[in-house]
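entry-v6.pdb, holding PDB, C-alpha atoms, pLDDT in the B column:
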```pdb
ATOM      1  CA  MET I   1    -115.929  27.041  34.627  1.00 47.00           C
ATOM      2  CA  ALA I   2    -112.422  26.297  33.366  1.00 50.00           C
ATOM      3  CA  GLN I   3    -111.521  24.058  36.304  1.00 55.00           C
ATOM      4  CA  ASN I   4    -114.298  21.614  35.451  1.00 83.00           C
ATOM      5  CA  ILE I   5    -113.087  20.479  32.058  1.00 91.00           C
ATOM      6  CA  GLY I   6    -111.290  17.391  33.324  1.00 93.00           C
ATOM      7  CA  TYR I   7    -113.474  15.124  31.208  1.00 94.00           C
ATOM      8  CA  ALA I   8    -112.498  17.070  28.093  1.00 96.00           C
ATOM      9  CA  VAL I   9    -108.791  16.803  28.900  1.00 95.00           C
ATOM     10  CA  ALA I  10    -109.117  13.050  29.535  1.00 95.00           C
ATOM     11  CA  LEU I  11    -111.070  12.463  26.324  1.00 95.00           C
ATOM     12  CA  PHE I  12    -108.554  14.444  24.294  1.00 96.00           C
ATOM     13  CA  ASP I  13    -105.759  12.295  25.755  1.00 95.00           C
ATOM     14  CA  LEU I  14    -107.658   9.144  24.843  1.00 94.00           C
ATOM     15  CA  ALA I  15    -108.197  10.386  21.306  1.00 95.00           C
ATOM     16  CA  SER I  16    -104.478  11.141  21.056  1.00 94.00           C
ATOM     17  CA  LYS I  17    -103.567   7.677  22.325  1.00 93.00           C
ATOM     18  CA  ASP I  18    -105.934   6.072  19.827  1.00 90.00           C
ATOM     19  CA  LYS I  19    -104.741   8.463  17.121  1.00 91.00           C
ATOM     20  CA  ALA I  20    -108.439   8.931  16.459  1.00 93.00           C
ATOM     21  CA  HIS I  21    -108.767  12.706  16.610  1.00 95.00           C
ATOM     22  CA  LYS I  22    -111.055  12.841  13.593  1.00 94.00           C
ATOM     23  CA  THR I  23    -113.496  10.226  14.905  1.00 95.00           C
ATOM     24  CA  TYR I  24    -113.592  11.825  18.343  1.00 95.00           C
ATOM     25  CA  HIS I  25    -113.918  15.288  16.865  1.00 95.00           C
ATOM     26  CA  ASN I  26    -116.932  14.317  14.771  1.00 95.00           C
ATOM     27  CA  ALA I  27    -118.491  12.571  17.768  1.00 96.00           C
ATOM     28  CA  THR I  28    -117.836  15.609  19.960  1.00 96.00           C
ATOM     29  CA  ARG I  29    -119.609  17.865  17.515  1.00 95.00           C
ATOM     30  CA  LEU I  30    -122.544  15.525  17.285  1.00 96.00           C
ATOM     31  CA  VAL I  31    -122.900  15.287  21.075  1.00 96.00           C
ATOM     32  CA  LEU I  32    -122.585  19.047  21.407  1.00 95.00           C
ATOM     33  CA  GLU I  33    -125.202  19.644  18.752  1.00 93.00           C
ATOM     34  CA  VAL I  34    -127.641  17.284  20.448  1.00 95.00           C
ATOM     35  CA  LEU I  35    -127.026  18.698  23.934  1.00 95.00           C
ATOM     36  CA  VAL I  36    -127.217  22.343  22.904  1.00 93.00           C
ATOM     37  CA  ASP I  37    -130.356  21.878  20.817  1.00 92.00           C
ATOM     38  CA  ASN I  38    -132.240  19.828  23.412  1.00 93.00           C
ATOM     39  CA  GLU I  39    -132.722  21.721  26.618  1.00 92.00           C
ATOM     40  CA  ASP I  40    -135.293  19.153  27.708  1.00 93.00           C
ATOM     41  CA  LEU I  41    -132.786  16.338  27.415  1.00 94.00           C
ATOM     42  CA  ILE I  42    -130.361  18.262  29.619  1.00 93.00           C
ATOM     43  CA  LYS I  43    -133.152  18.915  32.109  1.00 92.00           C
ATOM     44  CA  VAL I  44    -133.985  15.211  32.268  1.00 93.00           C
ATOM     45  CA  LEU I  45    -130.323  14.221  32.648  1.00 94.00           C
ATOM     46  CA  ASN I  46    -129.834  16.794  35.409  1.00 92.00           C
ATOM     47  CA  SER I  47    -133.083  15.989  37.156  1.00 91.00           C
ATOM     48  CA  THR I  48    -132.955  14.499  40.633  1.00 89.00           C
ATOM     49  CA  ARG I  49    -136.169  12.556  40.097  1.00 91.00           C
ATOM     50  CA  LEU I  50    -134.760  10.124  37.555  1.00 92.00           C
ATOM     51  CA  ASP I  51    -132.370   7.409  38.765  1.00 94.00           C
ATOM     52  CA  LYS I  52    -128.850   7.145  37.403  1.00 94.00           C
ATOM     53  CA  GLU I  53    -129.390   3.878  35.518  1.00 95.00           C
ATOM     54  CA  SER I  54    -132.283   5.311  33.513  1.00 95.00           C
ATOM     55  CA  LYS I  55    -130.227   8.373  32.675  1.00 96.00           C
ATOM     56  CA  LYS I  56    -127.377   6.187  31.451  1.00 96.00           C
ATOM     57  CA  GLU I  57    -129.804   4.219  29.339  1.00 96.00           C
ATOM     58  CA  ILE I  58    -130.998   7.449  27.727  1.00 95.00           C
ATOM     59  CA  ILE I  59    -127.397   8.396  26.957  1.00 96.00           C
ATOM     60  CA  ASN I  60    -126.639   4.970  25.511  1.00 95.00           C
ATOM     61  CA  LYS I  61    -129.756   4.928  23.367  1.00 94.00           C
ATOM     62  CA  THR I  62    -129.151   8.454  22.108  1.00 93.00           C
ATOM     63  CA  PHE I  63    -125.475   8.226  21.243  1.00 95.00           C
ATOM     64  CA  LYS I  64    -124.398   4.584  21.023  1.00 93.00           C
ATOM     65  CA  LYS I  65    -124.488   4.388  17.229  1.00 92.00           C
ATOM     66  CA  ASP I  66    -122.316   7.423  16.571  1.00 91.00           C
ATOM     67  CA  VAL I  67    -120.095   7.946  19.569  1.00 94.00           C
ATOM     68  CA  PRO I  68    -116.929   6.043  20.661  1.00 94.00           C
ATOM     69  CA  ALA I  69    -117.316   3.918  23.796  1.00 93.00           C
ATOM     70  CA  PHE I  70    -114.897   6.073  25.817  1.00 92.00           C
ATOM     71  CA  MET I  71    -117.058   9.098  25.199  1.00 95.00           C
ATOM     72  CA  LEU I  72    -120.210   7.245  26.231  1.00 96.00           C
ATOM     73  CA  ASN I  73    -118.395   6.121  29.379  1.00 95.00           C
ATOM     74  CA  ALA I  74    -117.357   9.677  30.131  1.00 95.00           C
ATOM     75  CA  MET I  75    -120.977  10.805  29.946  1.00 96.00           C
ATOM     76  CA  CYS I  76    -122.079   7.914  32.151  1.00 96.00           C
ATOM     77  CA  LEU I  77    -119.342   8.857  34.599  1.00 95.00           C
ATOM     78  CA  MET I  78    -120.724  12.405  34.701  1.00 94.00           C
ATOM     79  CA  ILE I  79    -124.086  10.888  35.598  1.00 95.00           C
ATOM     80  CA  ASP I  80    -122.491   8.690  38.300  1.00 94.00           C
ATOM     81  CA  ASN I  81    -120.759  11.726  39.748  1.00 91.00           C
ATOM     82  CA  GLY I  82    -123.994  13.680  39.615  1.00 88.00           C
ATOM     83  CA  ALA I  83    -122.261  16.210  37.444  1.00 85.00           C
ATOM     84  CA  PHE I  84    -123.967  16.140  34.064  1.00 91.00           C
ATOM     85  CA  ASN I  85    -124.365  19.914  34.302  1.00 90.00           C
ATOM     86  CA  VAL I  86    -120.696  20.189  33.268  1.00 92.00           C
ATOM     87  CA  ALA I  87    -121.313  18.203  30.074  1.00 94.00           C
ATOM     88  CA  ILE I  88    -121.833  21.118  27.694  1.00 94.00           C
ATOM     89  CA  ASP I  89    -118.795  23.003  29.011  1.00 94.00           C
ATOM     90  CA  ASN I  90    -116.674  19.889  28.675  1.00 95.00           C
ATOM     91  CA  PHE I  91    -117.793  19.078  25.143  1.00 96.00           C
ATOM     92  CA  LYS I  92    -117.336  22.704  24.141  1.00 95.00           C
ATOM     93  CA  ALA I  93    -113.820  22.642  25.580  1.00 96.00           C
ATOM     94  CA  LEU I  94    -113.111  19.314  23.890  1.00 97.00           C
ATOM     95  CA  ASN I  95    -114.369  20.648  20.566  1.00 96.00           C
ATOM     96  CA  LYS I  96    -112.059  23.627  20.941  1.00 94.00           C
ATOM     97  CA  MET I  97    -109.105  21.307  21.628  1.00 96.00           C
ATOM     98  CA  PHE I  98    -109.814  19.378  18.423  1.00 97.00           C
ATOM     99  CA  ASN I  99    -110.376  22.592  16.475  1.00 95.00           C
ATOM    100  CA  ASP I 100    -106.977  23.850  17.654  1.00 94.00           C
ATOM    101  CA  HIS I 101    -105.424  20.485  16.848  1.00 95.00           C
ATOM    102  CA  PHE I 102    -106.722  20.656  13.267  1.00 95.00           C
ATOM    103  CA  LYS I 103    -106.253  24.453  13.053  1.00 95.00           C
ATOM    104  CA  ILE I 104    -109.961  24.920  12.456  1.00 96.00           C
ATOM    105  CA  ALA I 105    -111.858  28.030  13.493  1.00 96.00           C
ATOM    106  CA  GLN I 106    -115.608  27.750  13.865  1.00 94.00           C
ATOM    107  CA  GLY I 107    -117.800  30.787  13.672  1.00 96.00           C
ATOM    108  CA  THR I 108    -121.224  32.226  13.025  1.00 97.00           C
ATOM    109  CA  ILE I 109    -122.629  34.598  10.429  1.00 98.00           C
ATOM    110  CA  TYR I 110    -125.586  36.581  11.771  1.00 98.00           C
ATOM    111  CA  THR I 111    -128.094  37.977   9.282  1.00 97.00           C
ATOM    112  CA  THR I 112    -131.824  38.682   9.226  1.00 96.00           C
ATOM    113  CA  ILE I 113    -132.292  36.807   5.938  1.00 95.00           C
ATOM    114  CA  PRO I 114    -130.732  33.439   5.152  1.00 97.00           C
ATOM    115  CA  LEU I 115    -127.567  33.568   3.038  1.00 97.00           C
ATOM    116  CA  SER I 116    -126.991  31.415  -0.026  1.00 97.00           C
ATOM    117  CA  LYS I 117    -124.362  28.707   0.000  1.00 97.00           C
ATOM    118  CA  ILE I 118    -122.330  30.764  -2.486  1.00 96.00           C
ATOM    119  CA  GLN I 119    -122.358  33.757  -0.125  1.00 97.00           C
ATOM    120  CA  ILE I 120    -121.335  31.636   2.846  1.00 97.00           C
ATOM    121  CA  ASP I 121    -118.518  30.048   0.804  1.00 97.00           C
ATOM    122  CA  LYS I 122    -117.240  33.476  -0.258  1.00 96.00           C
ATOM    123  CA  ILE I 123    -117.204  34.753   3.313  1.00 97.00           C
ATOM    124  CA  THR I 124    -115.557  31.535   4.516  1.00 97.00           C
ATOM    125  CA  LYS I 125    -112.741  31.860   1.961  1.00 97.00           C
ATOM    126  CA  SER I 126    -112.155  35.521   2.867  1.00 96.00           C
ATOM    127  CA  MET I 127    -112.068  34.721   6.566  1.00 97.00           C
ATOM    128  CA  GLU I 128    -109.608  31.863   5.992  1.00 96.00           C
ATOM    129  CA  LYS I 129    -107.262  34.338   4.319  1.00 95.00           C
ATOM    130  CA  LYS I 130    -107.681  36.829   7.135  1.00 93.00           C
ATOM    131  CA  ILE I 131    -107.146  34.524  10.078  1.00 92.00           C
ATOM    132  CA  LYS I 132    -104.971  31.910   8.344  1.00 92.00           C
ATOM    133  CA  LYS I 133    -106.925  28.932   9.604  1.00 93.00           C
ATOM    134  CA  SER I 134    -109.438  26.697   7.990  1.00 95.00           C
ATOM    135  CA  VAL I 135    -112.818  28.226   8.783  1.00 97.00           C
ATOM    136  CA  GLU I 136    -116.255  26.691   9.242  1.00 96.00           C
ATOM    137  CA  LEU I 137    -119.212  29.048   9.384  1.00 97.00           C
ATOM    138  CA  VAL I 138    -122.890  28.578  10.057  1.00 96.00           C
ATOM    139  CA  ASN I 139    -125.532  31.143   9.221  1.00 97.00           C
ATOM    140  CA  LYS I 140    -127.883  32.089  12.069  1.00 97.00           C
ATOM    141  CA  ILE I 141    -130.876  34.385  11.802  1.00 97.00           C
ATOM    142  CA  ASP I 142    -130.828  37.183  14.370  1.00 96.00           C
ATOM    143  CA  ASN I 143    -133.457  39.883  14.074  1.00 93.00           C
ATOM    144  CA  GLN I 144    -131.784  41.914  16.828  1.00 93.00           C
ATOM    145  CA  ILE I 145    -129.245  43.183  14.288  1.00 94.00           C
ATOM    146  CA  ILE I 146    -132.118  44.804  12.298  1.00 93.00           C
ATOM    147  CA  GLY I 147    -130.242  44.319   9.013  1.00 94.00           C
ATOM    148  CA  GLY I 148    -126.810  43.837   7.528  1.00 96.00           C
ATOM    149  CA  ILE I 149    -124.386  41.159   8.641  1.00 97.00           C
ATOM    150  CA  LYS I 150    -121.988  40.176  11.407  1.00 97.00           C
ATOM    151  CA  VAL I 151    -119.369  37.432  11.416  1.00 98.00           C
ATOM    152  CA  VAL I 152    -118.080  36.162  14.763  1.00 97.00           C
ATOM    153  CA  ILE I 153    -115.122  33.757  14.877  1.00 96.00           C
ATOM    154  CA  GLY I 154    -113.808  33.259  18.408  1.00 90.00           C
ATOM    155  CA  ASP I 155    -112.893  36.701  19.684  1.00 92.00           C
ATOM    156  CA  LYS I 156    -112.864  38.213  16.194  1.00 94.00           C
ATOM    157  CA  VAL I 157    -115.934  40.178  15.140  1.00 96.00           C
ATOM    158  CA  PHE I 158    -116.595  41.616  11.689  1.00 96.00           C
ATOM    159  CA  ASP I 159    -119.625  43.813  12.027  1.00 96.00           C
ATOM    160  CA  MET I 160    -121.682  45.562   9.358  1.00 95.00           C
ATOM    161  CA  THR I 161    -125.055  45.487  11.044  1.00 95.00           C
ATOM    162  CA  VAL I 162    -127.650  48.220  11.131  1.00 94.00           C
ATOM    163  CA  SER I 163    -127.926  47.904  14.904  1.00 93.00           C
ATOM    164  CA  SER I 164    -124.222  48.571  15.468  1.00 94.00           C
ATOM    165  CA  GLN I 165    -124.309  51.499  13.045  1.00 92.00           C
ATOM    166  CA  ILE I 166    -127.182  53.044  14.962  1.00 91.00           C
ATOM    167  CA  GLU I 167    -125.307  52.442  18.192  1.00 89.00           C
ATOM    168  CA  GLU I 168    -122.227  54.113  16.782  1.00 90.00           C
ATOM    169  CA  MET I 169    -124.320  57.100  15.687  1.00 88.00           C
ATOM    170  CA  THR I 170    -125.888  57.325  19.129  1.00 86.00           C
ATOM    171  CA  ASN I 171    -122.455  57.346  20.765  1.00 85.00           C
ATOM    172  CA  LYS I 172    -121.177  59.998  18.382  1.00 85.00           C
ATOM    173  CA  LEU I 173    -124.242  62.105  18.957  1.00 83.00           C
ATOM    174  CA  MET I 174    -123.817  61.895  22.704  1.00 80.00           C
ATOM    175  CA  LYS I 175    -120.123  62.708  22.574  1.00 77.00           C
ATOM    176  CA  GLY I 176    -120.613  65.508  20.045  1.00 68.00           C
ATOM    177  CA  VAL I 177    -123.332  66.968  22.177  1.00 53.00           C
ATOM    178  CA  ASN I 178    -121.079  66.925  25.213  1.00 52.00           C
ATOM    179  CA  CYS I 179    -118.325  68.849  23.439  1.00 47.00           C
ATOM    180  CA  SER I 180    -120.617  71.691  22.402  1.00 47.00           C
ATOM    181  CA  VAL I 181    -121.564  74.543  24.704  1.00 42.00           C
TER
ATOM    182  CA  MET E   1    -120.715  75.839  41.271  1.00 68.00           C
ATOM    183  CA  ILE E   2    -124.186  76.607  40.014  1.00 87.00           C
ATOM    184  CA  LYS E   3    -122.789  77.090  36.526  1.00 89.00           C
ATOM    185  CA  GLN E   4    -121.112  73.695  36.687  1.00 90.00           C
ATOM    186  CA  GLU E   5    -124.299  72.048  37.819  1.00 91.00           C
ATOM    187  CA  LYS E   6    -126.164  73.744  35.027  1.00 91.00           C
ATOM    188  CA  GLU E   7    -123.661  72.500  32.473  1.00 89.00           C
ATOM    189  CA  ALA E   8    -123.822  68.975  33.846  1.00 90.00           C
ATOM    190  CA  LEU E   9    -127.599  69.012  33.737  1.00 91.00           C
ATOM    191  CA  LYS E  10    -127.546  70.349  30.213  1.00 87.00           C
ATOM    192  CA  GLY E  11    -125.237  67.496  29.202  1.00 85.00           C
ATOM    193  CA  GLU E  12    -127.576  64.982  30.806  1.00 88.00           C
ATOM    194  CA  ILE E  13    -130.602  66.385  29.012  1.00 89.00           C
ATOM    195  CA  GLN E  14    -128.788  66.409  25.699  1.00 84.00           C
ATOM    196  CA  LYS E  15    -127.708  62.804  26.213  1.00 86.00           C
ATOM    197  CA  GLU E  16    -131.282  61.877  26.973  1.00 89.00           C
ATOM    198  CA  ILE E  17    -132.475  63.626  23.809  1.00 88.00           C
ATOM    199  CA  ALA E  18    -129.841  61.862  21.727  1.00 86.00           C
ATOM    200  CA  SER E  19    -130.821  58.518  23.142  1.00 87.00           C
ATOM    201  CA  VAL E  20    -134.555  59.060  22.632  1.00 90.00           C
ATOM    202  CA  ALA E  21    -133.975  60.314  19.097  1.00 87.00           C
ATOM    203  CA  MET E  22    -131.829  57.326  18.225  1.00 86.00           C
ATOM    204  CA  SER E  23    -134.202  54.790  19.682  1.00 87.00           C
ATOM    205  CA  ALA E  24    -136.962  56.388  17.606  1.00 90.00           C
ATOM    206  CA  ALA E  25    -134.689  56.227  14.556  1.00 87.00           C
ATOM    207  CA  LYS E  26    -133.996  52.588  15.332  1.00 87.00           C
ATOM    208  CA  LYS E  27    -137.694  51.781  15.391  1.00 89.00           C
ATOM    209  CA  ILE E  28    -138.248  53.507  12.067  1.00 90.00           C
ATOM    210  CA  VAL E  29    -135.299  51.756  10.431  1.00 89.00           C
ATOM    211  CA  GLU E  30    -136.488  48.425  11.815  1.00 87.00           C
ATOM    212  CA  LYS E  31    -139.834  48.969  10.150  1.00 87.00           C
ATOM    213  CA  GLU E  32    -138.646  50.523   6.937  1.00 88.00           C
ATOM    214  CA  ILE E  33    -135.501  48.602   6.013  1.00 88.00           C
ATOM    215  CA  SER E  34    -136.171  46.889   2.702  1.00 88.00           C
ATOM    216  CA  GLU E  35    -134.927  43.511   1.623  1.00 89.00           C
ATOM    217  CA  LYS E  36    -133.042  45.308  -1.139  1.00 92.00           C
ATOM    218  CA  ASP E  37    -131.160  47.525   1.355  1.00 91.00           C
ATOM    219  CA  ASN E  38    -130.435  44.545   3.507  1.00 94.00           C
ATOM    220  CA  LYS E  39    -129.039  42.570   0.561  1.00 95.00           C
ATOM    221  CA  LYS E  40    -126.963  45.586  -0.460  1.00 94.00           C
ATOM    222  CA  LEU E  41    -125.365  45.724   2.984  1.00 94.00           C
ATOM    223  CA  ILE E  42    -124.612  42.016   2.901  1.00 96.00           C
ATOM    224  CA  ASP E  43    -123.090  42.251  -0.593  1.00 96.00           C
ATOM    225  CA  ALA E  44    -121.034  45.274   0.461  1.00 96.00           C
ATOM    226  CA  PHE E  45    -119.720  43.290   3.417  1.00 96.00           C
ATOM    227  CA  ILE E  46    -118.821  40.326   1.222  1.00 96.00           C
ATOM    228  CA  ASP E  47    -117.028  42.638  -1.242  1.00 95.00           C
ATOM    229  CA  GLU E  48    -115.171  44.343   1.560  1.00 93.00           C
ATOM    230  CA  VAL E  49    -113.936  41.194   3.256  1.00 92.00           C
ATOM    231  CA  SER E  50    -112.887  39.584  -0.028  1.00 88.00           C
ATOM    232  CA  ASN E  51    -110.543  42.443  -0.863  1.00 80.00           C
TER
END
```
Please rewrite the model in this file as structure tokens.
Amino acid sequence: MAQNIGYAVALFDLASKDKAHKTYHNATRLVLEVLVDNEDLIKVLNSTRLDKESKKEIINKTFKKDVPAFMLNAMCLMIDNGAFNVAIDNFKALNKMFNDHFKIAQGTIYTTIPLSKIQIDKITKSMEKKIKKSVELVNKIDNQIIGGIKVVIGDKVFDMTVSSQIEEMTNKLMKGVNCSV
Amino acid sequence: MIKQEKEALKGEIQKEIASVAMSAAKKIVEKEISEKDNKKLIDAFIDEVSN
């Protein structure tokens, strides 16, 4: 996966040359949001049935208003190279480069009920103190956790979910059982 | 040898029991957890990380 992020590296260089990190960063997030949330769009852009020009037109129509021309060109180039399947990886990598540049850490709070803005702000502030970066969190509903809360920021996980507590109990029970006669 | 096998088997059975018991417990908790308990856990987490 990592060897295919050439587009991301090139776009980051362009942003640096233009001194337009902020503009490119916002555009990157927007593109990523659209691509991740629209599996059908990805399917269409990866499909072999549609010709390249039509795919490029879709990209232009979708992003032209909000995305710098270089970024549009990069996506069109992916189409030309028949490699739009690397788009999400590249935009994820690019987003990470900008996040590192601005010392921003993005993460997710998993709960089974939606949190209030006040709760999210409190958690964000605490996490900023802990990891010494500016933190941006989104709240996602995940019923797999049964209850409680889990915050994931990069490779850091803060877990107080019912599911992990049950898992921990199961492990203890199994180990405890093994030690006895 | 037979004793060892017996012990190993016993361990396996006990593991199986533990896992069945916990998956039953999980199902019950899933059904029974109240919004109040859930909120309590979330508040406890927020308190813990802010200190």
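Atom to atom, atom CA of Lys27 of chain E and atom CA of Leu173 of chain I stand 17.3 Å apart.
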- Message: I need the residue nearest chain I from this list: E:Glu48, E:Glu30, E:Ile2, E:Lys36. Use all atoms listed in the file for the distance.
- Response: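 Nearest candidate to chain I out of E:Glu48, E:Glu30, E:Ile2, E:Lys36: E:Glu30.
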Can you work out which residues from chain I touch chain E at a cut-off of 9 Å (counting all atoms listed in the file) and hand them back as a compact mmCIF listing (two decimals) with C-alpha atoms, keeping the file's coordinate frame?
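Printed below is iface12.txt as written:
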```txt
# COMPACT_ATOMS: atom_id res chain seq x y z
CA THR I 111 -128.09 37.98 9.28
CA THR I 112 -131.82 38.68 9.23
CA ILE I 113 -132.29 36.81 5.94
CA LEU I 115 -127.57 33.57 3.04
CA GLN I 119 -122.36 33.76 -0.12
CA LYS I 122 -117.24 33.48 -0.26
CA ILE I 123 -117.20 34.75 3.31
CA LYS I 125 -112.74 31.86 1.96
CA SER I 126 -112.16 35.52 2.87
CA MET I 127 -112.07 34.72 6.57
CA LYS I 129 -107.26 34.34 4.32
CA LYS I 130 -107.68 36.83 7.14
CA ILE I 146 -132.12 44.80 12.30
CA GLY I 147 -130.24 44.32 9.01
CA GLY I 148 -126.81 43.84 7.53
CA ILE I 149 -124.39 41.16 8.64
CA LYS I 150 -121.99 40.18 11.41
CA PHE I 158 -116.60 41.62 11.69
CA ASP I 159 -119.62 43.81 12.03
CA MET I 160 -121.68 45.56 9.36
CA THR I 161 -125.06 45.49 11.04
CA VAL I 162 -127.65 48.22 11.13
CA SER I 163 -127.93 47.90 14.90
CA ILE I 166 -127.18 53.04 14.96
CA GLU I 167 -125.31 52.44 18.19
CA MET I 169 -124.32 57.10 15.69
CA THR I 170 -125.89 57.32 19.13
CA ASN I 171 -122.46 57.35 20.76
CA LEU I 173 -124.24 62.10 18.96
CA MET I 174 -123.82 61.90 22.70
CA LYS I 175 -120.12 62.71 22.57
CA VAL I 177 -123.33 66.97 22.18
CA ASN I 178 -121.08 66.92 25.21
CA VAL I 181 -121.56 74.54 24.70
```
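Between Gly107 of chain I and the candidates I:Asp155, I:Glu33, I:Asp13, I:Asp121, the tightest atom-to-atom separation, counting all atoms listed in the file, involves I:Asp155.
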- Message: Translate the PyMOL selection byres ((chain I and resi 102) around 10) into a concrete residue list for this structure, as a list in words.
- Response: His21, Lys22, His25, Lys96, Met97, Phe98, Asn99, Asp100, His101, Lys103, Ile104, Ala105, Lys133 and Ser134 of chain I
- Of the candidates I:Val135, I:Ser164, I:Asp51, I:Phe70, which shows the shortest atom-to-atom distance to Lys17 of chain I, using all atoms listed in the file? I:Phe70
- Message: Using Å and a single decimal, report how far atom CA of Val138 of chain I sits from atom CA of Gln165 of chain I.
- Response: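 Taking atom CA of Gln165 of chain I as the start and atom CA of Val138 of chain I as the end point, the length is 23.2 Å.
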